[in-house]
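Novice: Here it is, the structure, as structure tokens.
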Amino acid sequence: MRTDEPAGGTRPLDRPLPDVAGLEAEAAEVLPAHVLGYFRGPTGAYGIPTEAERWSQVRFRPHVLRNTRDLSLATTVLGTPVASPVLVAPMAQQRAAHPDGEVATAKAVSRRGTLLGVSTNTGVPFADIAAVGAPWWFQVYVMDDRTITTDVVQRAAAAGASALILTVDAPGTDPSQPQHEPRTWSERYGMQANLRDDTGRNLVTATRSLSLDDIGWLSGLIGLPVVVKGVLRADDAVMCVDAGAAGVIVSTHGGRCLTQSTTSADALPEVASAVGDRAEVYVDSGLRTPEHVAAALCLGARAVFLGRPVLWALATGGDARVERLLSGFDTQLERVLHSLGAASLDELGPDLVA
Ligand SMILES: Cc1cc2nc3c(=O)[nH]c(=O)nc-3n(C[C@H](O)[C@H](O)[C@H](O)COP(=O)(O)O)c2cc1C
């Protein structure tokens with residue numbers, strides 16, 4: 001493990017892409033210890049294997065003799081067409097993985113025709129991400145000082161964000177905030193590039209005063225649809241939709257918040273069935289293989305968000321490797337759909353899982 005700046009790009013980019021565990025092992029060789037520890041997260045050692053194992057436990061009931069020759073992975077998310085249901089989760093501090101940070105991620109996403117979430121805690125200005133041209137949603141941490149939130153949301157919307165992701169599972173302790181030497185992080189990776197403040201203080205501490213009314217408040221600020229991230233129960237999902245949410249993301253924040261919460265795989269079916277067609281349901285946390293993605297789509301997700309696998313690819317080869325990761329997921333997801341006898345995402349449903 002290196003202890004200085006990550007390079008990532010010193011080996012040939014056309015080397016074979018390993019599976020996600022292999023990618024993580026490669027990233028561990030190039031990332032400084034403090035970055036690797038932050039990316040893995042405080043609960044990673046417990047949370048992630050459990051989450052991934054739960055996805056792996058899903059068993060399919062495939063159809064045979066279905067014509068899948070014209071198979072397509074295309075769908076829409078809140079009306080935005082995407083070529084694949086594999087989207088990229090909002091993750092803070094991507095410049096710690098690669099000097100280009102979210103710009104590199106956005107380039108890969110753009111080339112794959114999909115969509116990315118952009119964290120409140122990014123070291124890259126909105127304008128640079130938006131210039132790439134990929135569709136993006138802005139992830140909002142509502143802060144105690146609502147004027148800061150209002151300002152950053154307005155600037156994200158002006159730069160081209162087409163929806164807001166309201167993260168609700170991290171009250172007070174924001175797991176997107178590296179605990180290690182905040183000043184060093186700020187100097188090296190340009191934390192919080194979109195928050196208007198030059199005091200160097202740590203601005204992003206998610207408020208504990210969030211309530212259902214904030215869904216309407218946020219959407220009323222600029223009229224963008226709001227997707228609530230971090231929902232793990234049917235009753236909460238229904239409340240969010242009643243309060244005006246256009247979508248919910250079933251998420252444990254990748255196991256970074258509550259170490260012993262239910263898993264996304266366990267929560268998804270109840271949320272999807274309670275929400276029905278009233279809003280879109282997405283999922284993340286622990287998705288590591290195309291089979292996991294197919295399982296999530298069968299269990300009611302319209303699309304999924306990949307988290308850490310993208311960071312590992314970014315760290316080990318920038319935009320080219322993130323693109324290969326995403327294209328690998330798509331190619332293999334097509335294989336899984338052929339095997340399930342499904343020619344489109346519309347044909348995936350609970351009937352296809354045991
Ligand atoms: C390093 C890191 C930073 C993250 N930063 C944020 C963030 O700023 N806002 C947010 O809502 N979620 C954040 N997340 C959570 C992701 O959006 C997503 O929920 C999670 O990573 C999905 O799980 P996975 O990594 O197992 O795929 C972060 C995750 C990681 C690994």
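Please note that chains go A, B, ... in the order of the structure tokens, that every chain numbers its residues from 1, and that ligands are numbered from 1 in the order shown.
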Please write out the residues within 8 Å of ligand 1 as a PyMOL selection string, counting only C-alpha atoms and all ligand atoms.

Specialist: chain A and resi 38-41+48+51-52+89-94+117-122+139-141+165-167+175-177+229-230+251-256+284-288+305-309+311

Novice: Looking only at strand (DSSP E or B) from DSSP on the backbone, list the matching residues of stretch 161-314 of chain A as a list in words.

Specialist: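 Matching residues, listed in order: Leu164, Ile165, Leu166, Thr167, Ala206, Val226, Val227, Val228, Lys229, Gly230, Val231, Gly247, Val248, Ile249, Val250, Glu280, Val281, Tyr282, Val283, Ala303, Val304, Phe305 and Leu306 of chain A.
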
Novice: Using only C-alpha atoms for the distances, tell me which of A:Asn194, A:Thr331, A:Ser264, A:Thr80 is nearest to A:Ala159.

Specialist: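 With only C-alpha atoms as the atom set, the closest residue is A:Asn194.
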
Novice: Which residue, A:Asp128, A:Asp242, A:Asp70, A:Asp319, has the smallest gap to A:Ala97 when you use only C-alpha atoms?

Specialist: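 Ranking A:Asp128, A:Asp242, A:Asp70, A:Asp319 by distance to A:Ala97, first place goes to A:Asp319.
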
Novice: My list of candidates is A:Leu337, A:Ala96, A:Val132, A:Val77. Which is closest to A:His34 when distances are computed with only C-alpha atoms?

Specialist: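 Residue with the minimum atom-to-atom distance to A:His34: A:Ala96.
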
Novice: Can you list, as a PyMOL selection string, every residue of stretch 26-127 of chain A that DSSP puts in helix (DSSP H, G or I)?

Specialist: chain A and resi 26-30+33-40+44-57+94-96+102-112+126-127

Novice: Which residue gives the smallest distance to A:Leu297 among A:Glu334, A:Asp266, A:Asp169, A:Asp346, with only C-alpha atoms counted?

Specialist: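 When distances to A:Leu297 are compared using only C-alpha atoms, the smallest one comes from A:Asp346.
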
Novice: Let me make sure I understand: among A:Gly22, A:Gly300, A:Gly216, A:Pro225, which one has the smallest atom-to-atom distance to A:Val271 if we use only C-alpha atoms?

Specialist: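 That would be A:Gly300, the residue with the smallest distance to A:Val271.
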
Novice: Let me make sure I understand: among A:Val241, A:Cys298, A:Leu232, A:Leu71, which one has the smallest atom-to-atom distance to A:Glu270 if we use only C-alpha atoms?

Specialist: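 Counting only C-alpha atoms, the residue closest to A:Glu270 is A:Leu232.
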
Novice: Any idea what's packed within 10 Å of A:Leu352, counting only C-alpha atoms, ignoring anything in its chain fewer than 2 positions away? Could you give it as a list in words?

Specialist: Arg59, Phe60, Arg61, Pro62, His63, Ala294, Ala295, Cys298, Leu299, Leu340, Gly341, Ala342, Glu347, Leu348, Gly349, Pro350 and Ala354 of chain A

Novice: Report the distance between atom CA of A:Ser110 and atom CA of A:Pro81 in Å, rounded to one decimal place.

Specialist: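 Straight-line distance from atom CA of A:Ser110 to atom CA of A:Pro81 works out to 12.1 Å.
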
Novice: Quick check, in Å to one decimal: how far apart do atom CA of A:Gly247 and atom CA of A:Ala301 lie?

Specialist: 10.7 Å

Novice: Name the residues in contact with A:Leu17 at a cut-off of 10 Å, using only C-alpha atoms, excluding same-chain residues fewer than 5 positions from it; report them as a list in words.

Specialist: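 These residues fall inside the cut-off: Gly22, Leu23, Ala313, Arg321, Arg324, Leu325 and Gly328 of chain A.
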